[in-house]
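Here's the structure, in structure tokens; my notes come after.
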Amino acid sequence: MYDPRRRLVGSLVVVSLIIWLGCQDDTLHGNTPKIDHFHHGPSDNPPAIDDFNQIPESSEIVVDFGQVDIQTVNRQYLFIRNEGKGSLIISSFDFLSGSSQDFIVACFDNGVFVANCPYSVDNTLSIGPGRDLVFELTYAPVETGVDVGGFVVTFNTTEHHSLTVHLAGEGITREIEVCITNCIGDQQQTECQQADELCNDAMGKDSLVVSFGETPTNVAASRDIIIRNLGQRTLRVFTLELVAGSGIQYTLDTAGSGLPGELATNEEASLAVSYAPDSGEVHLGRIRIRSDDVSEPEIEIILGGSGVAPRVCPDPLMLDFGNVVVGLPVIKSFNLENCGSLPLDLYGVAMALVPFSPDFSLVDPGSLPASLPAGDIAAVEVQYLPQAAGSDAGGVDIFSNDLVSDPVTHLTGTVALFGRATALVCDLVVDPFAASFGVVEIGAPATVDLVLSNSGNGPCLLASSTISANSPDNEFTIISAPPADASIDPGAGNELTLTVGYDPIDRGQDVGTLSLFVNDKDTNEVRVDLNAFGNWPGGDGPVAVCSVSPVNAIPFQTVTWRGDQSYDTNNRAIVDHRWSIASFPAGSAATLWGFGANRTTEIDLAGSYTAELVVENDIGQVSPPCLATTTVVPTEDLWIEMYWAHNNDDMDLHLLAPGGTPRTNSDCFFSNCIGRWFTPDWGQAGYDGDDPHLDLDDIPGTGPENINIADPANGVYTVFVHDYPGNSYTSGNLVTINVYINGALVANFTETISGENSDWYVCEIDWPSGAVTPL
């Protein structure tokens, strides 16, 4: 039976179902994503919608990068606009099979580009309505050639549900080729005309070498360098230059090459490098080429050549005859070698006019050959026959076609000659130089034999010998000695013996001095230290035994204080050697250097230097002190020394030459007179013996300073002191000057100097009389 109420209820149910289904379907409401347009370009900023292109019905997009230099990176950005009202969802991303690895794809996700777009059903990427899906497409070709690839991306869209993007590009390059000829010498030589090319592709970018070989100094050689563009784009050459440090003998000629500049594909340019040696030596250089070739942006070509020329090489450059006895000829020789590569023309040798000494002469100058082949040697003999004692200087002038020769006179250079004439001299040698008796028991006298020999060239006349300093009880004696005025000739086999005895009468250290009066070249009194220790039988404790060598020294010599002969009478170990200064000359800055048993001192002033030694054994027993003394006498004829009381006050010693002017080259002081070599030339030109030497210059301390002349020229010399300004001490400062003539102290001056920048004129010294006049 039809029931209208049931029909009404059924209708309501149908309507309700339709409404519910409509609420669940975005299509019914228009809330679906939609993609119809795309854009790609080099910018990562999206353009206006009018600049987008319609996605083809095939749902395939092609992005062609075109030609891209290898080893570079090119980027394109692909924009897909979501033009619907629902979210665009990427549910999958896959590369096309066989896609080149030179392509890289990334998706923009939460502010960053994510490589390879790793999205799937379980890991989606959502793009809101009106926004763009952005792909970063990178093409980085590794090698030349065409590359293809692509990817497929799946969306939740009705149209273009699956979108395929095809990628294409071609890797190209600008390729520079630099070539030289595989030869040695000039480009026009037959060898180079027939030689093959060497290019950077085969040799490497830094292995091209242009070798000019041996090239005469009066010839300029040239070589070609070819630069080609083997690439597919225009090559830009930015730089063509000789690298800094290349020899000045090389020049680069780019005229007509159009470079620096551009080279089209398969175009080449030629340039030339020239070599003009100016000396007989090896010359090196490098050419640098810079371009926009990606793989070889910089190429260097090495240049090498050797100038061929004659060259004279004297050996040695200085001929020193040393000490020669007056009237005895000595012949020495030097060699002239042609160390060049062409024959050397020898025009002759001659005695130099400056400096000149008649004591030097050539033995046989006419025996020299007129020409020396390369590598040959000719000897030149020179005789030195001194007529009087003193120093001599001369030279031998060489005349040749060496490149450095004077073009008019052909003077090439001078071999220096030096000699020192000496009269017959005695040089007494005492062995041992100190007589150390060690421990001697009371009642058991001991002796030491001293062997006297002569290392000079004339006889030693031993006038007498005596114990000049003895112990308080006169325990040292001469047992036997050569007779008065005994003669000791030079050489082995002529030695004499002197025996010294020690007979202790009480326990303790004893020292003394044996004096030998002889015509020695350095002193008329040679002193020998005597050291001994008297002890009761059986002994008791350490004994310090000390000596110094030499006992007669000269300024700036290093003396050695020896304590290694010390011992203990009970054979206990000596564990400490304590050296100290007993007395050094006033003003001396010398000290004791070293560790252990021995010490050294570098002498600075004339006078006596005495050091004290105390030794200690392993149980703390300390020996009586032992004293050793060395006496320092200047060997220069004129010796001036200075020292002062307070430091931080720079005092400068000055010596004026006869007629000299302060602070000029006729004034020896710190500015022009330092050491042995940097000195003014006084007296005879070229003769060092009459030149002054400032051997010590002390700024922050209290000295000493000294000026000396070995063999002064005649005249009146002036000594003065300058208180140099700019120091912190300006109060009164006591300054002392000592003047030594022929090794003896003849004058002593003191003055208190205050303030700064003042001169104290001390004295005048007349030579050769040696008279000193205070000022």
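Chain labels A, B, ... are given in the sequence in which chains occur in the structure tokens; within each chain residues are numbered consecutively from 1, and ligands are likewise numbered from 1 in the order shown.
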
With the cut-off set at 10 Å and counting only C-alpha atoms, tabulate each residue of segment 330-423 of chain A with an atom at most that distance from an atom of segment 273-281 of chain A, showing the nearest atom pair and its distance in Å to one decimal, ordered by chain and increasing number, as JSON lines.
{"residue": "A:Cys339", "atom": "CA", "partner": "A:Gly280", "partner_atom": "CA", "distance": 9.1}
{"residue": "A:Gly340", "atom": "CA", "partner": "A:Gly280", "partner_atom": "CA", "distance": 6.2}
{"residue": "A:Ser341", "atom": "CA", "partner": "A:Gly280", "partner_atom": "CA", "distance": 7.3}
{"residue": "A:Leu342", "atom": "CA", "partner": "A:Gly280", "partner_atom": "CA", "distance": 9.1}
{"residue": "A:Asp402", "atom": "CA", "partner": "A:Gly280", "partner_atom": "CA", "distance": 9.4}
{"residue": "A:Leu403", "atom": "CA", "partner": "A:Ser279", "partner_atom": "CA", "distance": 6.9}
{"residue": "A:Val404", "atom": "CA", "partner": "A:Ser279", "partner_atom": "CA", "distance": 8.7}

Output file for the residues above (C-alpha atoms, as a PDB file, in the first residue's frame):
ATOM      1  CA  CYS A 339     137.152  30.326 -18.033  1.00  0.00           C
ATOM      2  CA  GLY A 340     135.081  31.570 -20.973  1.00  0.00           C
ATOM      3  CA  SER A 341     134.005  29.774 -24.142  1.00  0.00           C
ATOM      4  CA  LEU A 342     135.961  31.648 -26.825  1.00  0.00           C
ATOM      5  CA  ASP A 402     137.751  39.955 -21.627  1.00  0.00           C
ATOM      6  CA  LEU A 403     134.361  41.674 -21.892  1.00  0.00           C
ATOM      7  CA  VAL A 404     135.023  43.686 -18.714  1.00  0.00           C
TER       8      VAL A 404
END

Which residues come within 12 Å of Val746 of chain A, counting only C-alpha atoms, excluding same-chain residues fewer than 6 positions away, as an mmCIF file with all heavy atoms, in the first residue's frame?
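Dumped everything to out.cif:
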data_model
loop_
_atom_site.group_PDB
_atom_site.id
_atom_site.type_symbol
_atom_site.label_atom_id
_atom_site.label_comp_id
_atom_site.auth_asym_id
_atom_site.auth_seq_id
_atom_site.Cartn_x
_atom_site.Cartn_y
_atom_site.Cartn_z
ATOM 1 N N LEU A 638 152.019 52.561 17.735
ATOM 2 C CA LEU A 638 151.228 53.571 18.444
ATOM 3 C C LEU A 638 149.913 52.933 18.875
ATOM 4 O O LEU A 638 149.170 52.400 18.047
ATOM 5 C CB LEU A 638 150.955 54.785 17.546
ATOM 6 C CG LEU A 638 150.050 55.876 18.136
ATOM 7 C CD1 LEU A 638 150.637 56.439 19.427
ATOM 8 C CD2 LEU A 638 149.811 56.989 17.126
ATOM 9 N N TRP A 639 149.647 52.994 20.168
ATOM 10 C CA TRP A 639 148.453 52.347 20.744
ATOM 11 C C TRP A 639 147.830 53.322 21.733
ATOM 12 O O TRP A 639 148.483 53.753 22.690
ATOM 13 C CB TRP A 639 148.852 51.044 21.421
ATOM 14 C CG TRP A 639 147.748 50.322 22.131
ATOM 15 C CD1 TRP A 639 147.277 50.554 23.377
ATOM 16 C CD2 TRP A 639 146.981 49.230 21.619
ATOM 17 N NE1 TRP A 639 146.266 49.691 23.680
ATOM 18 C CE2 TRP A 639 146.056 48.854 22.617
ATOM 19 C CE3 TRP A 639 146.986 48.533 20.419
ATOM 20 C CZ2 TRP A 639 145.161 47.823 22.448
ATOM 21 C CZ3 TRP A 639 146.098 47.502 20.250
ATOM 22 C CH2 TRP A 639 145.193 47.147 21.246
ATOM 23 N N ILE A 640 146.553 53.671 21.518
ATOM 24 C CA ILE A 640 145.840 54.610 22.388
ATOM 25 C C ILE A 640 144.569 53.925 22.862
ATOM 26 O O ILE A 640 143.801 53.394 22.042
ATOM 27 C CB ILE A 640 145.483 55.911 21.641
ATOM 28 C CG1 ILE A 640 146.740 56.545 21.042
ATOM 29 C CG2 ILE A 640 144.771 56.901 22.569
ATOM 30 C CD1 ILE A 640 146.447 57.534 19.947
ATOM 31 N N ILE A 737 142.740 58.160 29.494
ATOM 32 C CA ILE A 737 143.424 57.893 28.227
ATOM 33 C C ILE A 737 144.813 57.364 28.541
ATOM 34 O O ILE A 737 145.559 57.962 29.328
ATOM 35 C CB ILE A 737 143.539 59.174 27.368
ATOM 36 C CG1 ILE A 737 142.154 59.680 26.977
ATOM 37 C CG2 ILE A 737 144.389 58.910 26.116
ATOM 38 C CD1 ILE A 737 141.430 58.808 25.980
ATOM 39 N N ASN A 738 145.194 56.228 27.951
ATOM 40 C CA ASN A 738 146.543 55.680 28.035
ATOM 41 C C ASN A 738 147.178 55.688 26.659
ATOM 42 O O ASN A 738 146.535 55.304 25.670
ATOM 43 C CB ASN A 738 146.527 54.246 28.572
ATOM 44 C CG ASN A 738 146.094 54.178 30.021
ATOM 45 O OD1 ASN A 738 146.367 55.085 30.808
ATOM 46 N ND2 ASN A 738 145.411 53.100 30.386
ATOM 47 N N VAL A 739 148.438 56.127 26.583
ATOM 48 C CA VAL A 739 149.171 56.176 25.319
ATOM 49 C C VAL A 739 150.377 55.250 25.430
ATOM 50 O O VAL A 739 151.202 55.394 26.351
ATOM 51 C CB VAL A 739 149.628 57.608 24.982
ATOM 52 C CG1 VAL A 739 150.410 57.612 23.664
ATOM 53 C CG2 VAL A 739 148.431 58.542 24.894
ATOM 54 N N TYR A 740 150.455 54.269 24.515
ATOM 55 C CA TYR A 740 151.572 53.343 24.452
ATOM 56 C C TYR A 740 152.397 53.625 23.205
ATOM 57 O O TYR A 740 151.848 53.782 22.105
ATOM 58 C CB TYR A 740 151.080 51.896 24.407
ATOM 59 C CG TYR A 740 150.466 51.390 25.696
ATOM 60 C CD1 TYR A 740 149.160 51.702 26.035
ATOM 61 C CD2 TYR A 740 151.211 50.599 26.570
ATOM 62 C CE1 TYR A 740 148.587 51.230 27.217
ATOM 63 C CE2 TYR A 740 150.648 50.123 27.749
ATOM 64 C CZ TYR A 740 149.342 50.442 28.067
ATOM 65 O OH TYR A 740 148.790 49.974 29.218
ATOM 66 N N ILE A 765 150.926 63.793 19.684
ATOM 67 C CA ILE A 765 151.971 62.768 19.651
ATOM 68 C C ILE A 765 152.820 63.007 18.418
ATOM 69 O O ILE A 765 152.314 62.985 17.280
ATOM 70 C CB ILE A 765 151.371 61.355 19.616
ATOM 71 C CG1 ILE A 765 150.425 61.141 20.810
ATOM 72 C CG2 ILE A 765 152.459 60.296 19.596
ATOM 73 C CD1 ILE A 765 149.607 59.871 20.717
ATOM 74 N N GLY A 770 158.062 60.097 19.162
ATOM 75 C CA GLY A 770 157.240 59.515 20.209
ATOM 76 C C GLY A 770 156.965 60.460 21.356
ATOM 77 O O GLY A 770 156.402 60.049 22.378
ATOM 78 N N ALA A 771 157.316 61.735 21.201
ATOM 79 C CA ALA A 771 157.069 62.712 22.265
ATOM 80 C C ALA A 771 155.582 62.992 22.388
ATOM 81 O O ALA A 771 154.891 63.212 21.385
ATOM 82 C CB ALA A 771 157.832 64.004 21.978
ATOM 83 N N VAL A 772 155.055 62.986 23.641
ATOM 84 C CA VAL A 772 153.647 63.231 23.915
ATOM 85 C C VAL A 772 153.514 64.570 24.628
ATOM 86 O O VAL A 772 154.140 64.786 25.688
ATOM 87 C CB VAL A 772 153.044 62.104 24.769
ATOM 88 C CG1 VAL A 772 151.576 62.390 25.059
ATOM 89 C CG2 VAL A 772 153.210 60.763 24.081
ATOM 90 N N THR A 773 152.694 65.473 24.063
ATOM 91 C CA THR A 773 152.511 66.811 24.634
ATOM 92 C C THR A 773 151.074 66.958 25.083
ATOM 93 O O THR A 773 150.147 66.876 24.259
ATOM 94 C CB THR A 773 152.842 67.897 23.606
ATOM 95 O OG1 THR A 773 154.186 67.698 23.134
ATOM 96 C CG2 THR A 773 152.699 69.290 24.216
ATOM 97 N N PRO A 774 150.826 67.193 26.412
ATOM 98 C CA PRO A 774 149.435 67.393 26.869
ATOM 99 C C PRO A 774 148.837 68.655 26.259
ATOM 100 O O PRO A 774 149.542 69.629 25.991
ATOM 101 C CB PRO A 774 149.579 67.506 28.390
ATOM 102 C CG PRO A 774 150.927 66.937 28.705
ATOM 103 C CD PRO A 774 151.787 67.213 27.528
#

Self-check item: Who sits within 7 Å of segment 440-443 of chain A, only C-alpha atoms, same chain under 5 positions skipped, as JSON, numbers by chain
Solution: {"A": [504, 505, 506, 533, 534, 535, 536, 537]}

Selection export as an mmCIF file, in the first residue's frame, atoms kept: all heavy atoms:
data_model
loop_
_atom_site.group_PDB
_atom_site.id
_atom_site.type_symbol
_atom_site.label_atom_id
_atom_site.label_comp_id
_atom_site.auth_asym_id
_atom_site.auth_seq_id
_atom_site.Cartn_x
_atom_site.Cartn_y
_atom_site.Cartn_z
ATOM 1 N N PRO A 504 160.208 22.188 48.889
ATOM 2 C CA PRO A 504 159.319 22.845 49.847
ATOM 3 C C PRO A 504 159.827 22.664 51.275
ATOM 4 O O PRO A 504 160.392 21.620 51.635
ATOM 5 C CB PRO A 504 157.991 22.136 49.635
ATOM 6 C CG PRO A 504 158.367 20.777 49.141
ATOM 7 C CD PRO A 504 159.607 20.966 48.325
ATOM 8 N N ILE A 505 159.589 23.700 52.098
ATOM 9 C CA ILE A 505 159.958 23.601 53.508
ATOM 10 C C ILE A 505 158.726 23.629 54.393
ATOM 11 O O ILE A 505 158.837 23.395 55.607
ATOM 12 C CB ILE A 505 160.932 24.727 53.911
ATOM 13 C CG1 ILE A 505 160.251 26.084 53.782
ATOM 14 C CG2 ILE A 505 162.207 24.667 53.078
ATOM 15 C CD1 ILE A 505 161.110 27.221 54.301
ATOM 16 N N ASP A 506 157.541 23.981 53.802
ATOM 17 C CA ASP A 506 156.296 23.922 54.575
ATOM 18 C C ASP A 506 155.157 23.564 53.630
ATOM 19 O O ASP A 506 155.298 23.564 52.414
ATOM 20 C CB ASP A 506 156.020 25.228 55.315
ATOM 21 C CG ASP A 506 155.925 26.410 54.365
ATOM 22 O OD1 ASP A 506 156.004 26.201 53.131
ATOM 23 O OD2 ASP A 506 155.786 27.549 54.849
ATOM 24 N N PHE A 533 153.028 22.616 45.054
ATOM 25 C CA PHE A 533 152.333 22.523 46.337
ATOM 26 C C PHE A 533 153.164 21.647 47.254
ATOM 27 O O PHE A 533 153.402 20.464 46.976
ATOM 28 C CB PHE A 533 150.933 21.930 46.163
ATOM 29 C CG PHE A 533 150.080 22.015 47.413
ATOM 30 C CD1 PHE A 533 149.267 23.120 47.627
ATOM 31 C CD2 PHE A 533 150.098 21.006 48.365
ATOM 32 C CE1 PHE A 533 148.481 23.210 48.767
ATOM 33 C CE2 PHE A 533 149.320 21.102 49.504
ATOM 34 C CZ PHE A 533 148.505 22.207 49.710
ATOM 35 N N GLY A 534 153.635 22.275 48.344
ATOM 36 C CA GLY A 534 154.383 21.511 49.327
ATOM 37 C C GLY A 534 153.446 20.820 50.298
ATOM 38 O O GLY A 534 152.441 21.402 50.730
ATOM 39 N N ASN A 535 153.770 19.605 50.638
ATOM 40 C CA ASN A 535 152.857 18.845 51.488
ATOM 41 C C ASN A 535 153.642 17.894 52.373
ATOM 42 O O ASN A 535 154.714 17.402 52.005
ATOM 43 C CB ASN A 535 151.870 18.048 50.635
ATOM 44 C CG ASN A 535 150.659 17.605 51.434
ATOM 45 O OD1 ASN A 535 150.306 18.244 52.431
ATOM 46 N ND2 ASN A 535 150.030 16.538 51.003
ATOM 47 N N TRP A 536 153.060 17.681 53.559
ATOM 48 C CA TRP A 536 153.647 16.684 54.433
ATOM 49 C C TRP A 536 153.484 15.312 53.797
ATOM 50 O O TRP A 536 152.573 15.092 53.010
ATOM 51 C CB TRP A 536 152.959 16.705 55.800
ATOM 52 C CG TRP A 536 153.063 18.036 56.490
ATOM 53 C CD1 TRP A 536 152.071 18.890 56.753
ATOM 54 C CD2 TRP A 536 154.257 18.625 57.004
ATOM 55 N NE1 TRP A 536 152.535 20.010 57.394
ATOM 56 C CE2 TRP A 536 153.912 19.867 57.570
ATOM 57 C CE3 TRP A 536 155.604 18.227 57.052
ATOM 58 C CZ2 TRP A 536 154.833 20.723 58.157
ATOM 59 C CZ3 TRP A 536 156.533 19.069 57.640
ATOM 60 C CH2 TRP A 536 156.149 20.311 58.193
ATOM 61 N N PRO A 537 154.298 14.426 54.099
ATOM 62 C CA PRO A 537 154.138 13.073 53.520
ATOM 63 C C PRO A 537 152.739 12.532 53.815
ATOM 64 O O PRO A 537 152.233 12.652 54.917
ATOM 65 C CB PRO A 537 155.233 12.262 54.225
ATOM 66 C CG PRO A 537 156.273 13.287 54.590
ATOM 67 C CD PRO A 537 155.514 14.539 54.930
#

Quiz prompt | Near-Gly171 of chain A list (12 Å; only C-alpha atoms; drop same-chain fewer than 6 positions) as an MDAnalysis selection string | solution = chainID A and resid 65:74 100 102:103 139:148 231:233

Exercise: Pro625 of chain A partners within 9 Å, only C-alpha atoms, chain neighbours under 5 positions left out, as an mmCIF file with C-alpha atoms, in the first residue's frame:
data_model
loop_
_atom_site.group_PDB
_atom_site.id
_atom_site.type_symbol
_atom_site.label_atom_id
_atom_site.label_comp_id
_atom_site.auth_asym_id
_atom_site.auth_seq_id
_atom_site.Cartn_x
_atom_site.Cartn_y
_atom_site.Cartn_z
ATOM 1 C CA GLN A 509 150.715 26.407 47.431
ATOM 2 C CA VAL A 543 145.449 21.302 45.393
ATOM 3 C CA ALA A 544 144.715 23.995 42.802
ATOM 4 C CA VAL A 545 147.261 24.005 39.980
ATOM 5 C CA GLU A 612 142.623 33.029 40.776
ATOM 6 C CA LEU A 613 141.637 29.360 40.958
ATOM 7 C CA VAL A 614 140.228 27.506 43.967
ATOM 8 C CA VAL A 615 139.206 23.826 43.683
#

Self-check item: Within 6 Å of Ile554 of chain A using only C-alpha atoms, minus same-chain residues under 5 positions, as a PyMOL selection string
Solution: chain A and resi 632-634

Exercise. One decimal, Å: what's the distance from atom CA of Ala48 of chain A over to atom CA of Glu136 of chain A, could you say?
Key: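 Between these atoms lies a distance of 18.5 Å.
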
Exercise. Taking the DSSP assignment computed from this structure's backbone, write out as a VMD selection string all residues of segment 556-721 of chain A that belong to strand (DSSP E).
Key: chain A and resid 558 to 562 567 to 568 574 to 583 599 to 602 607 to 617 626 to 632 638 to 644 651 to 656 667 to 668 693 to 696 705 to 709 715 to 721

Quiz item: Interatomic distance between atom CA of Thr523 of chain A and atom CA of Thr558 of chain A?
Solution: 18.4 Å

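Among the candidate residues A:Gly755, A:Gly715, A:Pro369, A:Pro343, the one lying nearest to Gly732 of chain A is A:Gly755, with distances computed using only C-alpha atoms.
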